$ cat model.pdb   # PDB, C-alpha atoms and all ligand atoms
ATOM      1  CA  MET D   1      33.529 -26.723 -46.726  1.00  0.00           C
ATOM      2  CA  SER D   2      36.076 -27.620 -44.068  1.00  0.00           C
ATOM      3  CA  VAL D   3      35.882 -30.851 -42.072  1.00  0.00           C
ATOM      4  CA  GLY D   4      35.024 -28.871 -38.915  1.00  0.00           C
ATOM      5  CA  ASP D   5      32.052 -27.166 -40.642  1.00  0.00           C
ATOM      6  CA  PHE D   6      30.912 -30.549 -41.961  1.00  0.00           C
ATOM      7  CA  VAL D   7      30.993 -32.111 -38.458  1.00  0.00           C
ATOM      8  CA  ARG D   8      29.150 -29.086 -36.973  1.00  0.00           C
ATOM      9  CA  LYS D   9      26.420 -29.494 -39.607  1.00  0.00           C
ATOM     10  CA  LEU D  10      26.168 -33.198 -38.902  1.00  0.00           C
ATOM     11  CA  ILE D  11      26.006 -32.906 -35.093  1.00  0.00           C
ATOM     12  CA  PRO D  12      23.441 -30.328 -33.813  1.00  0.00           C
ATOM     13  CA  THR D  13      25.751 -28.793 -31.160  1.00  0.00           C
ATOM     14  CA  ASP D  14      23.441 -25.739 -30.728  1.00  0.00           C
ATOM     15  CA  LEU D  15      20.581 -28.090 -29.855  1.00  0.00           C
ATOM     16  CA  PHE D  16      22.682 -29.814 -27.185  1.00  0.00           C
ATOM     17  CA  GLY D  17      23.657 -26.392 -25.796  1.00  0.00           C
ATOM     18  CA  GLY D  18      19.995 -25.417 -25.468  1.00  0.00           C
ATOM     19  CA  MET D  19      19.067 -28.772 -23.929  1.00  0.00           C
ATOM     20  CA  SER D  20      21.794 -28.424 -21.320  1.00  0.00           C
ATOM     21  CA  VAL D  21      20.353 -25.048 -20.200  1.00  0.00           C
ATOM     22  CA  THR D  22      16.842 -26.570 -19.992  1.00  0.00           C
ATOM     23  CA  GLY D  23      18.195 -29.624 -18.136  1.00  0.00           C
ATOM     24  CA  GLY D  24      19.933 -27.371 -15.604  1.00  0.00           C
ATOM     25  CA  TYR D  25      16.540 -25.880 -14.578  1.00  0.00           C
ATOM     26  CA  LEU D  26      15.146 -29.378 -13.928  1.00  0.00           C
ATOM     27  CA  PHE D  27      17.134 -29.627 -10.711  1.00  0.00           C
ATOM     28  CA  ARG D  28      16.724 -26.063  -9.438  1.00  0.00           C
ATOM     29  CA  ARG D  29      14.235 -24.997  -6.744  1.00  0.00           C
ATOM     30  CA  LYS D  30      10.845 -24.245  -8.353  1.00  0.00           C
ATOM     31  CA  GLU D  31       9.719 -20.589  -8.169  1.00  0.00           C
ATOM     32  CA  THR D  32       6.131 -21.206  -9.273  1.00  0.00           C
ATOM     33  CA  VAL D  33       3.569 -20.478  -6.553  1.00  0.00           C
ATOM     34  CA  GLN D  34       0.098 -22.044  -6.554  1.00  0.00           C
ATOM     35  CA  TYR D  35      -1.797 -18.774  -6.232  1.00  0.00           C
ATOM     36  CA  PRO D  36      -4.288 -18.189  -4.602  1.00  0.00           C
ATOM     37  CA  GLU D  37      -3.706 -21.183  -2.302  1.00  0.00           C
ATOM     38  CA  LYS D  38      -0.261 -19.759  -1.593  1.00  0.00           C
ATOM     39  CA  ARG D  39       0.887 -16.134  -1.681  1.00  0.00           C
ATOM     40  CA  LEU D  40       4.366 -14.679  -1.691  1.00  0.00           C
ATOM     41  CA  GLU D  41       4.784 -11.853   0.794  1.00  0.00           C
ATOM     42  CA  PRO D  42       5.780  -8.653  -1.021  1.00  0.00           C
ATOM     43  CA  PRO D  43       8.938  -6.825   0.101  1.00  0.00           C
ATOM     44  CA  GLN D  44       8.554  -4.264   2.888  1.00  0.00           C
ATOM     45  CA  ARG D  45       8.821  -1.284   0.495  1.00  0.00           C
ATOM     46  CA  PHE D  46       6.174  -2.676  -1.899  1.00  0.00           C
ATOM     47  CA  ARG D  47       3.439  -0.101  -2.598  1.00  0.00           C
ATOM     48  CA  GLY D  48       0.003  -1.665  -2.466  1.00  0.00           C
ATOM     49  CA  MET D  49      -3.424  -0.626  -1.252  1.00  0.00           C
ATOM     50  CA  PHE D  50      -3.730   2.621   0.719  1.00  0.00           C
ATOM     51  CA  GLY D  51      -3.876   2.764   4.462  1.00  0.00           C
ATOM     52  CA  TYR D  52      -5.573   5.877   5.854  1.00  0.00           C
ATOM     53  CA  ASP D  53      -6.012   6.949   9.467  1.00  0.00           C
ATOM     54  CA  LEU D  54      -8.698   9.578   9.921  1.00  0.00           C
ATOM     55  CA  GLU D  55      -7.824  10.089  13.596  1.00  0.00           C
ATOM     56  CA  ARG D  56      -4.197  10.939  12.814  1.00  0.00           C
ATOM     57  CA  CYS D  57      -4.940  13.021   9.726  1.00  0.00           C
ATOM     58  CA  ILE D  58      -4.549  16.765  10.405  1.00  0.00           C
ATOM     59  CA  ASP D  59      -6.442  17.781   7.248  1.00  0.00           C
ATOM     60  CA  CYS D  60      -3.460  19.652   5.800  1.00  0.00           C
ATOM     61  CA  HIS D  61      -4.201  18.610   2.177  1.00  0.00           C
ATOM     62  CA  LEU D  62      -0.465  18.087   1.481  1.00  0.00           C
ATOM     63  CA  CYS D  63      -1.116  14.594   0.100  1.00  0.00           C
ATOM     64  CA  ALA D  64      -3.689  15.942  -2.377  1.00  0.00           C
ATOM     65  CA  LYS D  65      -1.321  18.722  -3.446  1.00  0.00           C
ATOM     66  CA  ALA D  66       1.549  16.266  -3.917  1.00  0.00           C
ATOM     67  CA  CYS D  67      -0.459  13.904  -6.114  1.00  0.00           C
ATOM     68  CA  PRO D  68       0.631  14.528  -9.711  1.00  0.00           C
ATOM     69  CA  ILE D  69      -2.695  13.372 -11.160  1.00  0.00           C
ATOM     70  CA  ASP D  70      -5.085  14.907  -8.595  1.00  0.00           C
ATOM     71  CA  ILE D  71      -6.925  11.791  -7.493  1.00  0.00           C
ATOM     72  CA  ILE D  72      -7.165  12.589  -3.777  1.00  0.00           C
ATOM     73  CA  TYR D  73     -10.306  14.591  -2.966  1.00  0.00           C
ATOM     74  CA  ILE D  74     -10.647  16.249   0.442  1.00  0.00           C
ATOM     75  CA  THR D  75     -13.444  18.496   1.663  1.00  0.00           C
ATOM     76  CA  ASP D  76     -13.922  19.796   5.182  1.00  0.00           C
ATOM     77  CA  HIS D  77     -15.735  22.326   7.329  1.00  0.00           C
ATOM     78  CA  THR D  78     -14.834  24.253  10.445  1.00  0.00           C
ATOM     79  CA  GLU D  79     -16.546  23.752  13.790  1.00  0.00           C
ATOM     80  CA  VAL D  80     -16.162  25.818  16.925  1.00  0.00           C
ATOM     81  CA  GLU D  81     -15.774  23.914  20.173  1.00  0.00           C
ATOM     82  CA  GLU D  82     -15.397  25.167  23.707  1.00  0.00           C
ATOM     83  CA  ILE D  83     -12.445  23.828  25.696  1.00  0.00           C
ATOM     84  CA  ASP D  84     -11.904  25.112  29.266  1.00  0.00           C
ATOM     85  CA  GLY D  85     -14.168  28.067  28.564  1.00  0.00           C
ATOM     86  CA  LYS D  86     -12.227  29.053  25.434  1.00  0.00           C
ATOM     87  CA  LYS D  87     -13.667  28.760  21.941  1.00  0.00           C
ATOM     88  CA  LYS D  88     -11.441  26.937  19.494  1.00  0.00           C
ATOM     89  CA  LYS D  89     -11.842  26.320  15.791  1.00  0.00           C
ATOM     90  CA  LYS D  90     -11.566  22.740  14.621  1.00  0.00           C
ATOM     91  CA  LYS D  91     -11.472  21.424  11.057  1.00  0.00           C
ATOM     92  CA  VAL D  92     -13.622  18.366  10.370  1.00  0.00           C
ATOM     93  CA  ILE D  93     -13.036  16.168   7.324  1.00  0.00           C
ATOM     94  CA  ASP D  94     -16.253  15.499   5.405  1.00  0.00           C
ATOM     95  CA  ARG D  95     -14.750  13.673   2.491  1.00  0.00           C
ATOM     96  CA  TYR D  96     -11.433  11.943   1.927  1.00  0.00           C
ATOM     97  CA  ASP D  97     -11.620   9.962  -1.319  1.00  0.00           C
ATOM     98  CA  ILE D  98      -8.992   8.299  -3.499  1.00  0.00           C
ATOM     99  CA  ASP D  99      -9.741   7.244  -7.062  1.00  0.00           C
ATOM    100  CA  VAL D 100      -7.525   4.167  -6.773  1.00  0.00           C
ATOM    101  CA  LYS D 101      -8.133   2.954 -10.326  1.00  0.00           C
ATOM    102  CA  ARG D 102      -6.150   5.939 -11.649  1.00  0.00           C
ATOM    103  CA  CYS D 103      -3.322   5.677  -9.116  1.00  0.00           C
ATOM    104  CA  MET D 104       0.188   5.010 -10.367  1.00  0.00           C
ATOM    105  CA  PHE D 105       1.474   4.111  -6.884  1.00  0.00           C
ATOM    106  CA  CYS D 106       4.265   6.668  -6.960  1.00  0.00           C
ATOM    107  CA  GLY D 107       4.037   7.167  -3.178  1.00  0.00           C
ATOM    108  CA  LEU D 108       4.355  10.985  -3.353  1.00  0.00           C
ATOM    109  CA  CYS D 109       1.227  11.409  -1.206  1.00  0.00           C
ATOM    110  CA  GLU D 110       2.749   9.277   1.538  1.00  0.00           C
ATOM    111  CA  GLU D 111       6.034  11.167   1.306  1.00  0.00           C
ATOM    112  CA  ALA D 112       4.235  14.514   1.709  1.00  0.00           C
ATOM    113  CA  CYS D 113       2.231  13.475   4.772  1.00  0.00           C
ATOM    114  CA  PRO D 114       3.751  15.228   7.822  1.00  0.00           C
ATOM    115  CA  THR D 115       2.269  13.092  10.615  1.00  0.00           C
ATOM    116  CA  GLU D 116       4.254  10.456  12.468  1.00  0.00           C
ATOM    117  CA  PRO D 117       3.277   7.699  11.855  1.00  0.00           C
ATOM    118  CA  LYS D 118       1.944   8.593   8.397  1.00  0.00           C
ATOM    119  CA  SER D 119      -1.793   9.131   7.987  1.00  0.00           C
ATOM    120  CA  ILE D 120      -1.714   7.870   4.415  1.00  0.00           C
ATOM    121  CA  TRP D 121       0.596   5.034   3.407  1.00  0.00           C
ATOM    122  CA  LEU D 122       0.982   2.346   0.758  1.00  0.00           C
ATOM    123  CA  THR D 123       3.315  -0.109   2.506  1.00  0.00           C
ATOM    124  CA  THR D 124       0.365  -2.331   3.400  1.00  0.00           C
ATOM    125  CA  LEU D 125       1.593  -5.572   1.739  1.00  0.00           C
ATOM    126  CA  SER D 126      -1.988  -5.873   0.394  1.00  0.00           C
ATOM    127  CA  TYR D 127      -2.961  -5.717  -3.251  1.00  0.00           C
ATOM    128  CA  GLU D 128      -5.902  -8.037  -3.921  1.00  0.00           C
ATOM    129  CA  GLY D 129      -8.586  -5.528  -4.833  1.00  0.00           C
ATOM    130  CA  SER D 130      -9.442  -6.573  -8.363  1.00  0.00           C
ATOM    131  CA  SER D 131     -13.014  -6.096  -9.483  1.00  0.00           C
ATOM    132  CA  TYR D 132     -15.287  -6.597 -12.480  1.00  0.00           C
ATOM    133  CA  GLU D 133     -16.568  -3.035 -12.026  1.00  0.00           C
ATOM    134  CA  ARG D 134     -13.883  -0.412 -11.685  1.00  0.00           C
ATOM    135  CA  ASN D 135     -15.616   2.955 -11.368  1.00  0.00           C
ATOM    136  CA  GLU D 136     -17.352   2.372  -8.044  1.00  0.00           C
ATOM    137  CA  ARG D 137     -15.361  -0.554  -6.635  1.00  0.00           C
ATOM    138  CA  LEU D 138     -11.980   1.114  -7.090  1.00  0.00           C
ATOM    139  CA  TYR D 139     -13.139   4.496  -5.808  1.00  0.00           C
ATOM    140  CA  TYR D 140     -12.391   4.504  -2.089  1.00  0.00           C
ATOM    141  CA  THR D 141     -14.081   6.855   0.361  1.00  0.00           C
ATOM    142  CA  LYS D 142     -12.679   7.366   3.863  1.00  0.00           C
ATOM    143  CA  GLU D 143     -15.092   4.737   5.171  1.00  0.00           C
ATOM    144  CA  ARG D 144     -14.002   2.165   2.602  1.00  0.00           C
ATOM    145  CA  LEU D 145     -10.331   3.049   3.174  1.00  0.00           C
ATOM    146  CA  ALA D 146     -10.720   2.360   6.885  1.00  0.00           C
ATOM    147  CA  GLY D 147     -12.165  -1.136   6.490  1.00  0.00           C
ATOM    148  CA  TRP D 148     -10.797  -2.025   3.030  1.00  0.00           C
ATOM    149  CA  ASP D 149     -14.261  -2.838   1.781  1.00  0.00           C
ATOM    150  CA  GLY D 150     -13.765  -4.863  -1.426  1.00  0.00           C
ATOM    151  CA  LEU D 151     -10.120  -5.696  -0.775  1.00  0.00           C
ATOM    152  CA  LEU D 152      -8.528  -8.821   0.625  1.00  0.00           C
ATOM    153  CA  ALA D 153      -5.839  -7.977   3.162  1.00  0.00           C
ATOM    154  CA  PHE D 154      -2.583  -9.943   2.926  1.00  0.00           C
ATOM    155  CA  PRO D 155      -2.674 -12.742   5.560  1.00  0.00           C
ATOM    156  CA  GLY D 156      -1.826 -11.374   8.984  1.00  0.00           C
ATOM    157  CA  VAL D 157      -2.113  -7.697   8.012  1.00  0.00           C
ATOM    158  CA  VAL D 158      -4.101  -5.518  10.426  1.00  0.00           C
ATOM    159  CA  LEU D 159      -6.885  -3.388   8.904  1.00  0.00           C
ATOM    160  CA  PRO D 160      -6.271   0.395   8.906  1.00  0.00           C
ATOM    161  CA  ARG D 161      -9.340   0.938  11.159  1.00  0.00           C
ATOM    162  CA  ASP D 162      -7.775  -1.425  13.715  1.00  0.00           C
ATOM    163  CA  GLY D 163      -4.635   0.705  13.892  1.00  0.00           C
ATOM    164  CA  GLN D 164      -2.328  -0.818  11.282  1.00  0.00           C
ATOM    165  CA  ASN D 165       1.274   0.317  11.733  1.00  0.00           C
ATOM    166  CA  PRO D 166       2.555   1.787   8.410  1.00  0.00           C
ATOM    167  CA  ALA D 167       6.104   0.616   9.217  1.00  0.00           C
ATOM    168  CA  ALA D 168       5.035  -2.960  10.042  1.00  0.00           C
ATOM    169  CA  PRO D 169       1.519  -3.641   8.695  1.00  0.00           C
ATOM    170  CA  LYS D 170       1.101  -6.912  10.587  1.00  0.00           C
ATOM    171  CA  THR D 171       1.212  -4.971  13.849  1.00  0.00           C
ATOM    172  CA  ARG D 172      -0.717  -2.098  15.413  1.00  0.00           C
ATOM    173  CA  VAL D 173       0.622   1.368  16.124  1.00  0.00           C
ATOM    174  CA  ALA D 174       1.710   1.458  19.749  1.00  0.00           C
ATOM    175  CA  ALA D 175      -0.680   3.407  21.965  1.00  0.00           C
ATOM    176  CA  THR D 176       0.536   6.887  22.892  1.00  0.00           C
ATOM    177  CA  PRO D 177       1.740   6.824  26.515  1.00  0.00           C
ATOM    178  CA  PRO D 178      -0.436   8.943  28.798  1.00  0.00           C
ATOM    179  CA  ALA D 179       0.835  12.422  29.686  1.00  0.00           C
ATOM    180  CA  GLY D 180       3.204  12.204  32.636  1.00  0.00           C
ATOM    181  CA  GLY D 181       4.635   8.830  31.525  1.00  0.00           C
ATOM    182  CA  ALA D 182       4.489   5.722  33.711  1.00  0.00           C
ATOM    183  CA  GLU D 183       3.970   7.751  36.887  1.00  0.00           C
ATOM    184  CA  GLY D 184       0.980   9.535  35.390  1.00  0.00           C
ATOM    185  CA  ALA D 185      -0.522   6.183  34.379  1.00  0.00           C
ATOM    186  CA  ALA D 186      -0.188   4.730  37.864  1.00  0.00           C
TER     187      ALA D 186
HETATM  188  S1  LIG C 201       0.467   7.097  -5.045  1.00  0.00           S
HETATM  189 FE1  LIG C 201      -1.419   7.500  -6.241  1.00  0.00          FE
HETATM  190  S2  LIG C 201      -2.601   8.888  -4.936  1.00  0.00           S
HETATM  191 FE2  LIG C 201      -0.501   8.918  -4.159  1.00  0.00          FE
HETATM  192  S3  LIG C 201       0.500  10.640  -5.193  1.00  0.00           S
HETATM  193 FE3  LIG C 201       0.903   8.825  -6.445  1.00  0.00          FE
HETATM  194  S4  LIG C 201      -0.737   8.774  -7.956  1.00  0.00           S
HETATM  195 FE4  LIG C 201      -1.395  10.166  -6.340  1.00  0.00          FE
HETATM  196  S1  LIG C 202      -0.979  14.798   4.111  1.00  0.00           S
HETATM  197 FE1  LIG C 202      -1.475  13.342   5.736  1.00  0.00          FE
HETATM  198  S2  LIG C 202      -2.236  14.618   7.411  1.00  0.00           S
HETATM  199 FE2  LIG C 202      -2.303  15.887   5.547  1.00  0.00          FE
HETATM  200  S3  LIG C 202      -4.387  15.597   4.736  1.00  0.00           S
HETATM  201 FE3  LIG C 202      -3.096  14.076   3.732  1.00  0.00          FE
HETATM  202  S4  LIG C 202      -3.294  12.209   5.009  1.00  0.00           S
HETATM  203 FE4  LIG C 202      -4.037  13.960   6.217  1.00  0.00          FE
END

$ encode --input "model.pdb" --output "C-alpha cells" --more "lines below"
Ligand code: SF4
Ligand code: SF4
Amino acid sequence: MSVGDFVRKLIPTDLFGGMSVTGGYLFRRKETVQYPEKRLEPPQRFRGMFGYDLERCIDCHLCAKACPIDIIYITDHTEVEEIDGKKKKKKVIDRYDIDVKRCMFCGLCEEACPTEPKSIWLTTLSYEGSSYERNERLYYTKERLAGWDGLLAFPGVVLPRDGQNPAAPKTRVAATPPAGGAEGAA
C-alpha cells in the first residue's frame, strides 16, 4: 500500500466531499412551499382542470373524435326555430361529459377545437380536484364543468361559467363588440 492510499484510508475525504455539497445547500434559497397555506402558480402552458364554454361550443364533436381514449361524451338533438319568417335547424347539446379520472391531459381535445377562443381548454392553472370517491366526483357533466363543482380554482382564476379566458385564466374573455363597432354601440 502506497503512502497516498494509506492517508486516503485514514482521512475520509469522500465524507468531506459529501458534507461540502450538503453544506452548500444550507445557504441557498429554500424551494419548499408550505402547501396548502401557500401555492406555487403553475406555468402558463400547464394542463390542469378543463374549462368548457357551452355558449361558444358549436357541437362539432371534434374534441371527442380527437381524444385517443374516448372519454368525452356528447349527445345532442336538433330543434327548428323561426328567424325572420325562415325556419332554421339548430343543434342543442344535451350532454357534454368528460370522465376526468381517465384523462391523461394530452391536450389533443383542446387542439382540435376550432372556436376562437377555445370552447374546451386545459390551461386553467387549476388542479385541486382530488376526491375520496373517484367514479362520480371525477366525472364532470357540462353543469359541473361550468361551475367546477368539487374543484378548488387556483387563487384569482375566473370560473368557466363567468367567462374565463383560456389564454389568461385570471381574466374574462372580452365581450364581442356590437355589430357596427363603436358607432353602432352609440
Ligand atoms: S386531454 Fe384528456 S380528454 Fe382531452 S384528448 Fe387528452 S385524454 Fe382526451
Ligand atoms: S371541439 Fe370545441 S366546439 Fe367542437 S364540440 Fe368540442 S368543445 Fe365544442

$ resolve_selection --input "model.pdb" --expression "the PyMOL selection byres (((not hetatm)) within 7 of (chain C and resi 201))" --output "list of chain:residue names"
D:Cys63, D:Ala66, D:Cys67, D:Pro68, D:Ile69, D:Asp70, D:Ile71, D:Ile72, D:Ile98, D:Val100, D:Cys103, D:Met104, D:Phe105, D:Cys106, D:Gly107, D:Leu108, D:Cys109, D:Glu110

$ residues_near_ligand --input "model.pdb" --ligand "ligand LIG 202 (chain C)" --cutoff "9 Å" --atoms "all atoms listed in the file" --output "tab-separated table (two decimals) with C-alpha atoms, in the coordinates of the input"
chain	number	residue	atom	x	y	z
D	52	TYR	CA	-5.57	5.88	5.85
D	53	ASP	CA	-6.01	6.95	9.47
D	54	LEU	CA	-8.70	9.58	9.92
D	56	ARG	CA	-4.20	10.94	12.81
D	57	CYS	CA	-4.94	13.02	9.73
D	58	ILE	CA	-4.55	16.76	10.40
D	59	ASP	CA	-6.44	17.78	7.25
D	60	CYS	CA	-3.46	19.65	5.80
D	61	HIS	CA	-4.20	18.61	2.18
D	62	LEU	CA	-0.46	18.09	1.48
D	63	CYS	CA	-1.12	14.59	0.10
D	64	ALA	CA	-3.69	15.94	-2.38
D	65	LYS	CA	-1.32	18.72	-3.45
D	66	ALA	CA	1.55	16.27	-3.92
D	72	ILE	CA	-7.16	12.59	-3.78
D	74	ILE	CA	-10.65	16.25	0.44
D	96	TYR	CA	-11.43	11.94	1.93
D	109	CYS	CA	1.23	11.41	-1.21
D	110	GLU	CA	2.75	9.28	1.54
D	111	GLU	CA	6.03	11.17	1.31
D	112	ALA	CA	4.24	14.51	1.71
D	113	CYS	CA	2.23	13.48	4.77
D	114	PRO	CA	3.75	15.23	7.82
D	115	THR	CA	2.27	13.09	10.62
D	118	LYS	CA	1.94	8.59	8.40
D	119	SER	CA	-1.79	9.13	7.99
D	120	ILE	CA	-1.71	7.87	4.42
D	121	TRP	CA	0.60	5.03	3.41

$ residues_around --input "model.pdb" --residues "Asp97 (chain D)" --least-positions-apart "2" --cutoff "6 Å" --atoms "only C-alpha atoms" --output "PyMOL selection string"
chain D and resi 72-73+140-142

$ atom_distance --input "model.pdb" --atom1 "CA of Tyr139 (chain D)" --atom2 "CA of Lys101 (chain D)"
6.9 Å

$ atom_distance --input "model.pdb" --atom1 "CA of Lys89 (chain D)" --atom2 "CA of Glu116 (chain D)"
22.8 Å

$ residues_around --input "model.pdb" --residues "region 164-177 of chain D" --least-positions-apart "6" --cutoff "8 Å" --atoms "all atoms listed in the file" --output "PyMOL selection string"
chain D and resi 51+117-118+121-125+156-158
